[in-house]
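Reproduced below: final_19.cif, with mmCIF, C-alpha atoms and all ligand atoms.
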data_run
loop_
_atom_site.group_PDB
_atom_site.id
_atom_site.type_symbol
_atom_site.label_atom_id
_atom_site.label_comp_id
_atom_site.auth_asym_id
_atom_site.auth_seq_id
_atom_site.Cartn_x
_atom_site.Cartn_y
_atom_site.Cartn_z
ATOM 1 C CA MET A 1 -21.048 -12.809 -1.169
ATOM 2 C CA GLN A 2 -21.341 -12.776 2.616
ATOM 3 C CA VAL A 3 -20.639 -9.670 4.680
ATOM 4 C CA PHE A 4 -19.331 -10.087 8.248
ATOM 5 C CA ASP A 5 -18.793 -7.586 11.027
ATOM 6 C CA SER A 6 -18.039 -10.029 13.843
ATOM 7 C CA ILE A 7 -14.532 -11.477 14.240
ATOM 8 C CA ASN A 8 -15.799 -14.747 15.744
ATOM 9 C CA THR A 9 -18.413 -15.507 13.091
ATOM 10 C CA PHE A 10 -16.047 -14.576 10.282
ATOM 11 C CA ARG A 11 -13.177 -16.664 11.663
ATOM 12 C CA THR A 12 -15.457 -19.692 12.195
ATOM 13 C CA ASP A 13 -16.730 -19.468 8.622
ATOM 14 C CA LEU A 14 -13.215 -19.292 7.131
ATOM 15 C CA ASP A 15 -11.972 -22.140 9.333
ATOM 16 C CA ALA A 16 -14.853 -24.281 8.054
ATOM 17 C CA GLY A 17 -13.966 -23.390 4.438
ATOM 18 C CA ARG A 18 -10.323 -24.333 4.959
ATOM 19 C CA ALA A 19 -11.352 -27.574 6.714
ATOM 20 C CA GLY A 20 -13.284 -28.413 3.552
ATOM 21 C CA GLY A 21 -10.110 -27.945 1.479
ATOM 22 C CA ALA A 22 -10.649 -24.379 0.217
ATOM 23 C CA SER A 23 -7.712 -21.992 -0.170
ATOM 24 C CA VAL A 24 -8.161 -18.405 1.057
ATOM 25 C CA GLY A 25 -7.075 -15.216 -0.729
ATOM 26 C CA PHE A 26 -7.162 -11.986 1.265
ATOM 27 C CA VAL A 27 -7.198 -8.348 0.100
ATOM 28 C CA PRO A 28 -6.973 -5.886 3.024
ATOM 29 C CA THR A 29 -8.344 -2.418 2.206
ATOM 30 C CA MET A 30 -9.586 0.776 3.813
ATOM 31 C CA GLY A 31 -12.465 0.962 1.329
ATOM 32 C CA TYR A 32 -13.321 3.658 -1.221
ATOM 33 C CA LEU A 33 -12.061 1.159 -3.743
ATOM 34 C CA HIS A 34 -10.577 1.933 -7.145
ATOM 35 C CA ALA A 35 -9.424 -0.141 -10.096
ATOM 36 C CA GLY A 36 -6.145 -0.922 -8.305
ATOM 37 C CA HIS A 37 -7.993 -2.718 -5.491
ATOM 38 C CA ILE A 38 -10.232 -4.469 -7.979
ATOM 39 C CA THR A 39 -7.254 -6.028 -9.798
ATOM 40 C CA LEU A 40 -6.073 -7.385 -6.422
ATOM 41 C CA VAL A 41 -9.494 -8.968 -5.823
ATOM 42 C CA GLN A 42 -9.555 -10.394 -9.352
ATOM 43 C CA ARG A 43 -6.091 -11.872 -8.904
ATOM 44 C CA ALA A 44 -7.118 -13.416 -5.574
ATOM 45 C CA ALA A 45 -10.227 -14.835 -7.275
ATOM 46 C CA ALA A 46 -8.112 -16.346 -10.052
ATOM 47 C CA GLU A 47 -5.763 -18.027 -7.559
ATOM 48 C CA CYS A 48 -7.900 -18.908 -4.508
ATOM 49 C CA ASP A 49 -11.250 -20.576 -3.693
ATOM 50 C CA ILE A 50 -12.406 -18.170 -0.989
ATOM 51 C CA VAL A 51 -11.775 -14.469 -1.649
ATOM 52 C CA VAL A 52 -11.874 -12.202 1.385
ATOM 53 C CA VAL A 53 -11.832 -8.411 1.239
ATOM 54 C CA SER A 54 -11.551 -6.448 4.485
ATOM 55 C CA ILE A 55 -12.859 -2.884 4.557
ATOM 56 C CA PHE A 56 -11.707 -1.037 7.649
ATOM 57 C CA VAL A 57 -10.439 2.532 8.007
ATOM 58 C CA ASN A 58 -7.820 1.848 10.662
ATOM 59 C CA PRO A 59 -7.536 4.694 13.197
ATOM 60 C CA LEU A 60 -4.152 3.420 14.435
ATOM 61 C CA GLN A 61 -2.392 4.398 11.209
ATOM 62 C CA PHE A 62 -3.584 8.031 11.176
ATOM 63 C CA ALA A 63 -1.824 10.685 13.254
ATOM 64 C CA ALA A 64 -3.956 13.259 15.087
ATOM 65 C CA ASN A 65 -3.419 15.870 12.332
ATOM 66 C CA GLU A 66 -4.326 13.491 9.467
ATOM 67 C CA ASP A 67 -7.528 12.812 7.525
ATOM 68 C CA LEU A 68 -9.125 9.970 9.558
ATOM 69 C CA ALA A 69 -12.493 11.700 10.007
ATOM 70 C CA SER A 70 -12.740 12.816 6.382
ATOM 71 C CA TYR A 71 -11.149 9.723 4.784
ATOM 72 C CA PRO A 72 -13.510 8.901 1.876
ATOM 73 C CA ARG A 73 -15.981 6.083 2.577
ATOM 74 C CA ASP A 74 -18.744 4.421 0.501
ATOM 75 C CA LEU A 75 -19.492 0.910 1.749
ATOM 76 C CA ASP A 76 -22.454 0.209 -0.552
ATOM 77 C CA ARG A 77 -20.435 1.055 -3.658
ATOM 78 C CA ASP A 78 -17.460 -0.972 -2.350
ATOM 79 C CA LEU A 79 -19.662 -4.035 -1.788
ATOM 80 C CA GLU A 80 -21.001 -3.838 -5.334
ATOM 81 C CA LEU A 81 -17.501 -3.492 -6.786
ATOM 82 C CA VAL A 82 -15.944 -6.409 -4.904
ATOM 83 C CA ALA A 83 -18.918 -8.681 -5.587
ATOM 84 C CA GLY A 84 -18.397 -7.999 -9.306
ATOM 85 C CA ALA A 85 -14.671 -8.768 -8.978
ATOM 86 C CA GLY A 86 -15.205 -12.204 -7.417
ATOM 87 C CA ALA A 87 -15.099 -11.633 -3.635
ATOM 88 C CA THR A 88 -16.942 -14.301 -1.649
ATOM 89 C CA HIS A 89 -16.487 -12.727 1.800
ATOM 90 C CA VAL A 90 -16.281 -9.137 3.033
ATOM 91 C CA PHE A 91 -15.112 -8.331 6.552
ATOM 92 C CA ALA A 92 -16.237 -4.815 7.514
ATOM 93 C CA PRO A 93 -15.879 -4.533 11.290
ATOM 94 C CA SER A 94 -16.591 -1.502 13.449
ATOM 95 C CA VAL A 95 -13.763 0.219 15.311
ATOM 96 C CA SER A 96 -15.106 -1.218 18.586
ATOM 97 C CA GLU A 97 -15.087 -4.753 17.143
ATOM 98 C CA MET A 98 -11.434 -4.379 16.129
ATOM 99 C CA TYR A 99 -10.306 -2.412 19.177
ATOM 100 C CA PRO A 100 -12.740 -3.096 22.033
ATOM 101 C CA THR A 101 -10.207 -1.892 24.603
ATOM 102 C CA GLU A 102 -7.212 0.410 24.526
ATOM 103 C CA VAL A 103 -4.564 -1.153 22.256
ATOM 104 C CA LEU A 104 -1.548 -2.036 24.418
ATOM 105 C CA THR A 105 0.065 -4.440 21.928
ATOM 106 C CA THR A 106 1.547 -3.021 18.766
ATOM 107 C CA VAL A 107 3.828 -4.389 16.046
ATOM 108 C CA ARG A 108 6.760 -2.319 14.848
ATOM 109 C CA VAL A 109 9.026 -3.424 12.035
ATOM 110 C CA ALA A 110 12.272 -1.599 12.824
ATOM 111 C CA GLU A 111 14.399 0.051 10.126
ATOM 112 C CA LEU A 112 11.985 -0.591 7.250
ATOM 113 C CA SER A 113 9.449 1.668 9.006
ATOM 114 C CA ASP A 114 11.790 4.582 9.634
ATOM 115 C CA PRO A 115 12.765 6.270 6.335
ATOM 116 C CA MET A 116 10.584 7.943 3.686
ATOM 117 C CA GLU A 117 6.913 7.552 4.740
ATOM 118 C CA GLY A 118 8.087 6.729 8.264
ATOM 119 C CA ALA A 119 10.038 9.985 8.510
ATOM 120 C CA ALA A 120 6.982 11.981 7.409
ATOM 121 C CA ARG A 121 4.532 9.890 9.480
ATOM 122 C CA PRO A 122 6.423 8.453 12.480
ATOM 123 C CA THR A 123 3.541 6.364 13.903
ATOM 124 C CA HIS A 124 2.067 5.251 10.574
ATOM 125 C CA PHE A 125 3.736 1.892 9.967
ATOM 126 C CA ALA A 126 3.251 0.659 13.531
ATOM 127 C CA GLY A 127 -0.460 1.319 12.947
ATOM 128 C CA VAL A 128 -0.390 -0.522 9.626
ATOM 129 C CA ALA A 129 1.645 -3.480 10.926
ATOM 130 C CA THR A 130 -0.576 -3.808 14.000
ATOM 131 C CA VAL A 131 -3.858 -3.865 12.072
ATOM 132 C CA VAL A 132 -2.463 -6.169 9.373
ATOM 133 C CA ALA A 133 -1.131 -8.548 12.064
ATOM 134 C CA LYS A 134 -4.585 -8.520 13.625
ATOM 135 C CA LEU A 135 -6.329 -9.082 10.288
ATOM 136 C CA PHE A 136 -3.917 -11.945 9.477
ATOM 137 C CA SER A 137 -4.738 -13.465 12.856
ATOM 138 C CA VAL A 138 -8.484 -13.175 12.141
ATOM 139 C CA VAL A 139 -8.307 -14.444 8.539
ATOM 140 C CA GLY A 140 -5.811 -17.254 9.257
ATOM 141 C CA PRO A 141 -3.656 -19.078 6.681
ATOM 142 C CA CYS A 142 -4.013 -17.330 3.325
ATOM 143 C CA ARG A 143 -2.353 -15.613 0.403
ATOM 144 C CA ALA A 144 -2.559 -11.843 1.037
ATOM 145 C CA TYR A 145 -2.476 -9.426 -1.905
ATOM 146 C CA PHE A 146 -0.976 -5.925 -1.597
ATOM 147 C CA GLY A 147 -0.395 -3.272 -4.270
ATOM 148 C CA GLU A 148 3.171 -2.183 -5.029
ATOM 149 C CA LYS A 149 1.936 1.412 -5.069
ATOM 150 C CA ASP A 150 2.525 1.486 -1.301
ATOM 151 C CA PHE A 151 5.901 -0.157 -1.743
ATOM 152 C CA GLN A 152 7.240 0.587 1.733
ATOM 153 C CA GLN A 153 4.047 -0.811 3.276
ATOM 154 C CA LEU A 154 4.488 -3.985 1.221
ATOM 155 C CA ALA A 155 8.094 -4.340 2.445
ATOM 156 C CA VAL A 156 7.022 -3.782 6.073
ATOM 157 C CA VAL A 157 4.188 -6.337 5.863
ATOM 158 C CA ARG A 158 6.361 -8.902 4.100
ATOM 159 C CA ARG A 159 9.068 -8.604 6.746
ATOM 160 C CA MET A 160 6.543 -8.755 9.596
ATOM 161 C CA ALA A 161 4.974 -11.946 8.200
ATOM 162 C CA ALA A 162 8.431 -13.528 7.795
ATOM 163 C CA ASP A 163 9.811 -12.410 11.183
ATOM 164 C CA LEU A 164 6.708 -13.623 13.047
ATOM 165 C CA SER A 165 6.307 -16.853 10.978
ATOM 166 C CA MET A 166 2.762 -15.922 10.089
ATOM 167 C CA PRO A 167 0.966 -18.540 7.940
ATOM 168 C CA VAL A 168 0.488 -15.971 5.195
ATOM 169 C CA GLU A 169 2.081 -15.688 1.763
ATOM 170 C CA VAL A 170 2.364 -11.967 0.977
ATOM 171 C CA VAL A 171 1.908 -11.302 -2.760
ATOM 172 C CA GLY A 172 2.950 -7.928 -4.253
ATOM 173 C CA CYS A 173 0.967 -6.809 -7.307
ATOM 174 C CA PRO A 174 1.899 -4.136 -9.893
ATOM 175 C CA THR A 175 0.610 -0.571 -9.459
ATOM 176 C CA VAL A 176 -2.471 0.222 -11.520
ATOM 177 C CA ARG A 177 -2.264 3.596 -13.302
ATOM 178 C CA GLU A 178 -4.620 5.983 -15.043
ATOM 179 C CA PRO A 179 -3.946 6.140 -18.819
ATOM 180 C CA ASP A 180 -1.747 9.244 -18.280
ATOM 181 C CA GLY A 181 0.407 7.446 -15.691
ATOM 182 C CA LEU A 182 -1.067 8.710 -12.391
ATOM 183 C CA ALA A 183 -0.947 5.906 -9.828
ATOM 184 C CA MET A 184 -4.453 5.062 -8.627
ATOM 185 C CA SER A 185 -5.130 6.040 -5.014
ATOM 186 C CA SER A 186 -8.254 6.625 -2.946
ATOM 187 C CA ARG A 187 -6.782 10.050 -2.087
ATOM 188 C CA ASN A 188 -6.755 11.164 -5.773
ATOM 189 C CA VAL A 189 -10.371 12.174 -5.118
ATOM 190 C CA TYR A 190 -9.006 15.222 -3.259
ATOM 191 C CA LEU A 191 -7.270 16.591 -6.418
ATOM 192 C CA ASP A 192 -8.892 19.354 -8.468
ATOM 193 C CA GLY A 193 -8.244 19.606 -12.231
ATOM 194 C CA ASP A 194 -4.980 21.588 -12.031
ATOM 195 C CA GLN A 195 -3.641 19.537 -9.133
ATOM 196 C CA ARG A 196 -4.510 16.343 -11.005
ATOM 197 C CA LEU A 197 -2.303 17.542 -13.900
ATOM 198 C CA ALA A 198 0.470 18.674 -11.553
ATOM 199 C CA ALA A 199 0.416 15.267 -9.821
ATOM 200 C CA LEU A 200 1.695 13.624 -13.007
ATOM 201 C CA VAL A 201 5.115 15.140 -12.261
ATOM 202 C CA ILE A 202 5.817 12.392 -9.710
ATOM 203 C CA HIS A 203 5.580 9.570 -12.238
ATOM 204 C CA ARG A 204 7.440 11.676 -14.799
ATOM 205 C CA ALA A 205 10.323 12.166 -12.355
ATOM 206 C CA LEU A 206 10.507 8.442 -11.597
ATOM 207 C CA GLN A 207 10.539 7.605 -15.290
ATOM 208 C CA ALA A 208 13.306 10.149 -15.895
ATOM 209 C CA GLY A 209 15.319 8.572 -13.048
ATOM 210 C CA ALA A 210 14.896 5.098 -14.547
ATOM 211 C CA ALA A 211 15.756 6.368 -18.036
ATOM 212 C CA ALA A 212 18.966 7.968 -16.706
ATOM 213 C CA ILE A 213 20.003 4.650 -15.140
ATOM 214 C CA VAL A 214 19.249 2.769 -18.346
ATOM 215 C CA ALA A 215 21.287 5.391 -20.242
ATOM 216 C CA GLY A 216 24.336 4.787 -18.033
ATOM 217 C CA GLU A 217 24.026 6.918 -14.866
ATOM 218 C CA ARG A 218 25.612 4.979 -11.968
ATOM 219 C CA SER A 219 25.388 7.513 -9.138
ATOM 220 C CA GLY A 220 22.362 7.229 -6.850
ATOM 221 C CA THR A 221 22.905 10.850 -5.799
ATOM 222 C CA GLN A 222 22.728 12.065 -9.387
ATOM 223 C CA VAL A 223 19.519 10.099 -9.973
ATOM 224 C CA ARG A 224 18.005 11.548 -6.782
ATOM 225 C CA ASN A 225 19.024 15.070 -7.815
ATOM 226 C CA LEU A 226 17.477 14.584 -11.237
ATOM 227 C CA MET A 227 14.150 13.334 -9.839
ATOM 228 C CA ALA A 228 14.042 15.993 -7.096
ATOM 229 C CA GLY A 229 14.732 18.724 -9.654
ATOM 230 C CA ILE A 230 11.830 17.631 -11.844
ATOM 231 C CA ILE A 231 9.344 17.531 -8.958
ATOM 232 C CA SER A 232 10.596 20.824 -7.464
ATOM 233 C CA ALA A 233 10.094 22.553 -10.834
ATOM 234 C CA GLU A 234 6.326 21.914 -10.569
ATOM 235 C CA PRO A 235 4.953 24.870 -8.552
ATOM 236 C CA THR A 236 1.858 22.987 -7.335
ATOM 237 C CA ALA A 237 3.882 20.076 -5.913
ATOM 238 C CA VAL A 238 5.830 20.218 -2.653
ATOM 239 C CA LEU A 239 8.561 17.591 -2.746
ATOM 240 C CA ASP A 240 8.818 15.356 0.306
ATOM 241 C CA TYR A 241 11.419 12.783 -0.746
ATOM 242 C CA VAL A 242 12.921 10.907 -3.648
ATOM 243 C CA GLU A 243 14.908 7.731 -3.118
ATOM 244 C CA VAL A 244 16.952 5.154 -5.003
ATOM 245 C CA ALA A 245 16.664 2.088 -2.788
ATOM 246 C CA ASP A 246 17.261 -1.611 -2.453
ATOM 247 C CA PRO A 247 13.807 -3.179 -2.983
ATOM 248 C CA ASP A 248 14.056 -5.512 0.035
ATOM 249 C CA THR A 249 15.834 -3.475 2.709
ATOM 250 C CA LEU A 250 14.800 -0.044 1.341
ATOM 251 C CA ALA A 251 18.352 1.109 2.130
ATOM 252 C CA PRO A 252 19.533 3.971 -0.118
ATOM 253 C CA VAL A 253 21.859 2.837 -2.910
ATOM 254 C CA ASP A 254 24.622 5.204 -4.020
ATOM 255 C CA ASP A 255 26.874 3.174 -6.319
ATOM 256 C CA LEU A 256 24.689 1.410 -8.852
ATOM 257 C CA ALA A 257 26.039 -1.936 -10.073
ATOM 258 C CA ALA A 258 25.270 -3.795 -13.305
ATOM 259 C CA GLY A 259 22.392 -6.238 -12.866
ATOM 260 C CA GLN A 260 21.225 -4.631 -9.599
ATOM 261 C CA GLU A 261 17.466 -4.415 -8.949
ATOM 262 C CA LEU A 262 16.454 -0.991 -7.636
ATOM 263 C CA ARG A 263 13.293 0.772 -6.554
ATOM 264 C CA LEU A 264 12.888 4.479 -7.274
ATOM 265 C CA LEU A 265 10.418 6.075 -4.864
ATOM 266 C CA ALA A 266 8.980 9.568 -4.491
ATOM 267 C CA ALA A 267 6.400 11.463 -2.450
ATOM 268 C CA ALA A 268 5.054 14.982 -2.797
ATOM 269 C CA GLN A 269 2.188 17.028 -1.446
ATOM 270 C CA VAL A 270 -0.079 18.154 -4.266
ATOM 271 C CA GLY A 271 -2.856 20.326 -2.860
ATOM 272 C CA ARG A 272 -4.388 18.427 0.048
ATOM 273 C CA PRO A 273 -3.050 14.877 -0.436
ATOM 274 C CA ARG A 274 0.481 13.541 -0.104
ATOM 275 C CA LEU A 275 0.937 11.354 -3.157
ATOM 276 C CA LEU A 276 3.345 8.421 -3.380
ATOM 277 C CA ASP A 277 4.646 6.495 -6.319
ATOM 278 C CA ASN A 278 7.509 4.163 -7.193
ATOM 279 C CA ILE A 279 8.863 2.107 -10.056
ATOM 280 C CA GLY A 280 11.367 -0.724 -10.385
ATOM 281 C CA VAL A 281 14.447 -0.609 -12.589
ATOM 282 C CA THR A 282 17.309 -3.022 -13.224
ATOM 283 C CA VAL A 283 20.753 -1.503 -13.803
ATOM 284 C CA PRO A 284 21.789 -2.704 -17.277
ATOM 285 C CA SER A 285 25.012 -4.631 -17.815
ATOM 286 C CA GLU A 286 27.801 -2.580 -19.376
ATOM 287 C CA SER A 287 27.833 -2.974 -23.149
HETATM 288 O O1 LIG A 301 -3.137 0.023 2.186
HETATM 289 C C1 LIG A 301 -4.145 0.144 2.919
HETATM 290 O O2 LIG A 301 -5.253 0.370 2.462
HETATM 291 C C2 LIG A 301 -3.983 0.009 4.431
HETATM 292 O O3 LIG A 301 -2.780 0.542 4.868
HETATM 293 C C3 LIG A 301 -4.164 -1.440 4.941
HETATM 294 C C4 LIG A 301 -3.084 -2.362 4.422
HETATM 295 C C5 LIG A 301 -5.531 -1.970 4.530
HETATM 296 C C6 LIG A 301 -4.091 -1.459 6.465
HETATM 297 O O4 LIG A 301 -5.070 -0.655 7.041
#

What is this file in structure tokens?
Amino acid sequence: MQVFDSINTFRTDLDAGRAGGASVGFVPTMGYLHAGHITLVQRAAAECDIVVVSIFVNPLQFAANEDLASYPRDLDRDLELVAGAGATHVFAPSVSEMYPTEVLTTVRVAELSDPMEGAARPTHFAGVATVVAKLFSVVGPCRAYFGEKDFQQLAVVRRMAADLSMPVEVVGCPTVREPDGLAMSSRNVYLDGDQRLAALVIHRALQAGAAAIVAGERSGTQVRNLMAGIISAEPTAVLDYVEVADPDTLAPVDDLAAGQELRLLAAAQVGRPRLLDNIGVTVPSES
């Protein structure tokens, strides 16, 4: 596995690989990797010849009051993990390599960036879209693997790649969970024992929402109320939002129709971290 910190050298190496007929799989990360990232790398390794992992804690996607300085980092451990999962290339640039001058050009995916995470973190998705656009430009034509855990991010990136005709196929991969259902996240490291238990309420609420739909509930408002009630009943969790949304546009859905694909999403603060989760559900046909 080769480790690069220079855009030019990295780009030249990948161009040479592609010229020789190799396909490129790309897993963008901010490091401090967990089993969820590793499944993305393994999938890329199963489907592509060259497997690139980027490790870059992107300052543009953190607001001034957020955890940029303390975001967990462990490059040596990350390198070991991705080598074991089949990565052939790691791109771990410095901030000055990525942003040598003040960033005047940003990418904003309107509408998809505004609700939910965007309402809580108004500058977040422009930071994500800008760094991912830059990474796509550096990596070049590839399949890019993203976890569904950050479902809104996946929708934003997918739309950006389509709108800007980027030579990238964006692949969404299922959320990886702990055995008790907690969605894996680098920020779970901030949870103490009690908070870790309390955090399970988010997945429980989503499951209850999906079960209500499967049992016949057809009002998005009722499903939202049910999920919000479950999260609000957990004293250690502070509810941010619950949503019943169209999986492509992320628009709220109120009247659920038979056969409709939906995404149930939720976020809550549990101790220090804001935790996100989501699940998919299909509205059953009337029997
Ligand atoms: O999901 C993440 O880790 C980040 O938002 C990403 C996509 C690597 C961009 O910095």

* Asked: Of the residues A:Gly147, A:Gly36, A:Pro100, A:Gly17, which is the one nearest to ligand LIG 301 (chain A), using all atoms listed in the file?
  -> A:Gly147

Closest pair table for chain A residues within 9 Å of ligand LIG 301 (chain A), all atoms listed in the file, as a Markdown table:
| residue | atom | partner | partner_atom | distance |
| --- | --- | --- | --- | --- |
| A:Val27 | CA | A:LIG301 | C5 | 7.9 |
| A:Pro28 | CA | A:LIG301 | C5 | 4.4 |
| A:Thr29 | CA | A:LIG301 | C5 | 3.7 |
| A:Met30 | CA | A:LIG301 | O2 | 4.6 |
| A:Gly31 | CA | A:LIG301 | O2 | 7.3 |
| A:His37 | CA | A:LIG301 | O2 | 9.0 |
| A:Ser54 | CA | A:LIG301 | C5 | 7.5 |
| A:Ile55 | CA | A:LIG301 | C5 | 7.4 |
| A:Phe56 | CA | A:LIG301 | O4 | 6.7 |
| A:Val57 | CA | A:LIG301 | O4 | 6.3 |
| A:Asn58 | CA | A:LIG301 | O4 | 5.2 |
| A:Pro59 | CA | A:LIG301 | O4 | 8.5 |
| A:Leu60 | CA | A:LIG301 | O4 | 8.5 |
| A:Gln61 | CA | A:LIG301 | O4 | 7.1 |
| A:His124 | CA | A:LIG301 | O3 | 8.8 |
| A:Phe125 | CA | A:LIG301 | O3 | 8.4 |
| A:Gly127 | CA | A:LIG301 | O4 | 7.7 |
| A:Val128 | CA | A:LIG301 | C6 | 5.0 |
| A:Ala129 | CA | A:LIG301 | C6 | 7.5 |
| A:Thr130 | CA | A:LIG301 | C6 | 8.6 |
| A:Val131 | CA | A:LIG301 | O4 | 6.1 |
| A:Val132 | CA | A:LIG301 | C6 | 5.8 |
| A:Leu135 | CA | A:LIG301 | C6 | 8.8 |
| A:Phe146 | CA | A:LIG301 | C4 | 7.3 |
| A:Gly147 | CA | A:LIG301 | O1 | 7.7 |
| A:Lys149 | CA | A:LIG301 | O1 | 9.0 |
| A:Asp150 | CA | A:LIG301 | O1 | 6.8 |
| A:Gln153 | CA | A:LIG301 | O3 | 7.1 |
| A:Leu154 | CA | A:LIG301 | C4 | 8.4 |
| A:Val157 | CA | A:LIG301 | C4 | 8.4 |
| A:Ser186 | CA | A:LIG301 | O2 | 8.8 |

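In this structure, CA of Glu286 (chain A) sits 11.7 Å away from CA of Leu256 (chain A).
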
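For the set A:Ser96, A:Asn278, A:Thr101, A:Gln2, the residue with the smallest atom-to-atom gap to Ile50 (chain A) is A:Gln2, counting only C-alpha atoms.
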
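CA of Val41 (chain A) sits 25.7 Å away from CA of Leu191 (chain A).
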
* Might you pull out every residue within 10 Å of Lys134 (chain A), with only C-alpha atoms counted and same-chain residues fewer than 6 positions away left off, and present them as number ranges by chain? => A: 98, 106-107, 128, 140

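When the PyMOL selection byres (((chain A and resi 215) around 12) and not hetatm) is run on the displayed coordinates, the residues it returns are Ala208, Gly209, Ala210, Ala211, Ala212, Ile213, Val214, Gly216, Glu217, Arg218, Val223, Val281, Thr282, Val283, Pro284, Ser285, Glu286 and Ser287 of chain A.
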
* Just so the selection is clear, what residues does the PyMOL selection byres (((chain A and resi 271) around 9) and not hetatm) cover here, as a PyMOL selection string? -> chain A and resi 190-192+195+236-238+269-270+272-274

* To do: Return the single residue from A:Ser219, A:Ser113, A:Asn225, A:Ser70 that is closest to Ala205 (chain A), with distances computed using all atoms listed in the file.
  => A:Asn225

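Proximity of A:Cys173, A:Ala64, A:Leu79, A:Ala85 to Pro122 (chain A), computed with all atoms listed in the file, is greatest for A:Ala64.
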
Draw an axis-aligned box over all listed atoms of region 231-240 of chain A, pad each side with 4 Å, and write its centre and edge lengths in Å, one decimal, as JSON.
{"center_x": 6.2, "center_y": 20.1, "center_z": -5.3, "size_x": 16.7, "size_y": 17.5, "size_z": 19.1}

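Between Asp5 (chain A) and the residues A:Asn188, A:Gln42, A:Thr175, A:Ser94, the shortest atom-to-atom distance, using only C-alpha atoms, involves A:Ser94.
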
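Here CA of Cys48 (chain A) and CA of Arg143 (chain A) stand 8.1 Å from one another.
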
Would you fill out region 262-266 of chain A with all heavy atoms and return it as a compact mmCIF listing (two decimals), keeping the file's coordinate frame?
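Result file is rebuild.txt:
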# COMPACT_ATOMS: atom_id res chain seq x y z
N LEU A 262 16.63 -2.19 -8.46
CA LEU A 262 16.45 -0.99 -7.64
C LEU A 262 14.99 -0.60 -7.60
O LEU A 262 14.23 -0.94 -8.51
CB LEU A 262 17.23 0.19 -8.23
CG LEU A 262 18.75 0.06 -8.29
CD1 LEU A 262 19.32 1.18 -9.14
CD2 LEU A 262 19.34 0.07 -6.88
N ARG A 263 14.62 0.15 -6.58
CA ARG A 263 13.29 0.77 -6.55
C ARG A 263 13.50 2.27 -6.46
O ARG A 263 14.26 2.75 -5.59
CB ARG A 263 12.52 0.27 -5.32
CG ARG A 263 11.04 0.31 -5.53
CD ARG A 263 10.61 -0.87 -6.40
NE ARG A 263 9.28 -0.66 -6.92
CZ ARG A 263 8.64 -1.48 -7.75
NH1 ARG A 263 9.22 -2.59 -8.18
NH2 ARG A 263 7.45 -1.22 -8.18
N LEU A 264 12.88 3.02 -7.35
CA LEU A 264 12.89 4.48 -7.27
C LEU A 264 11.56 4.89 -6.64
O LEU A 264 10.50 4.44 -7.09
CB LEU A 264 13.01 5.09 -8.67
CG LEU A 264 14.14 4.54 -9.56
CD1 LEU A 264 14.22 5.36 -10.85
CD2 LEU A 264 15.47 4.55 -8.84
N LEU A 265 11.64 5.70 -5.60
CA LEU A 265 10.42 6.08 -4.86
C LEU A 265 10.36 7.59 -4.72
O LEU A 265 11.40 8.25 -4.64
CB LEU A 265 10.40 5.45 -3.46
CG LEU A 265 10.55 3.92 -3.40
CD1 LEU A 265 11.97 3.53 -3.02
CD2 LEU A 265 9.57 3.30 -2.42
N ALA A 266 9.14 8.12 -4.66
CA ALA A 266 8.98 9.57 -4.49
C ALA A 266 7.66 9.86 -3.79
O ALA A 266 6.70 9.08 -3.88
CB ALA A 266 8.99 10.28 -5.85
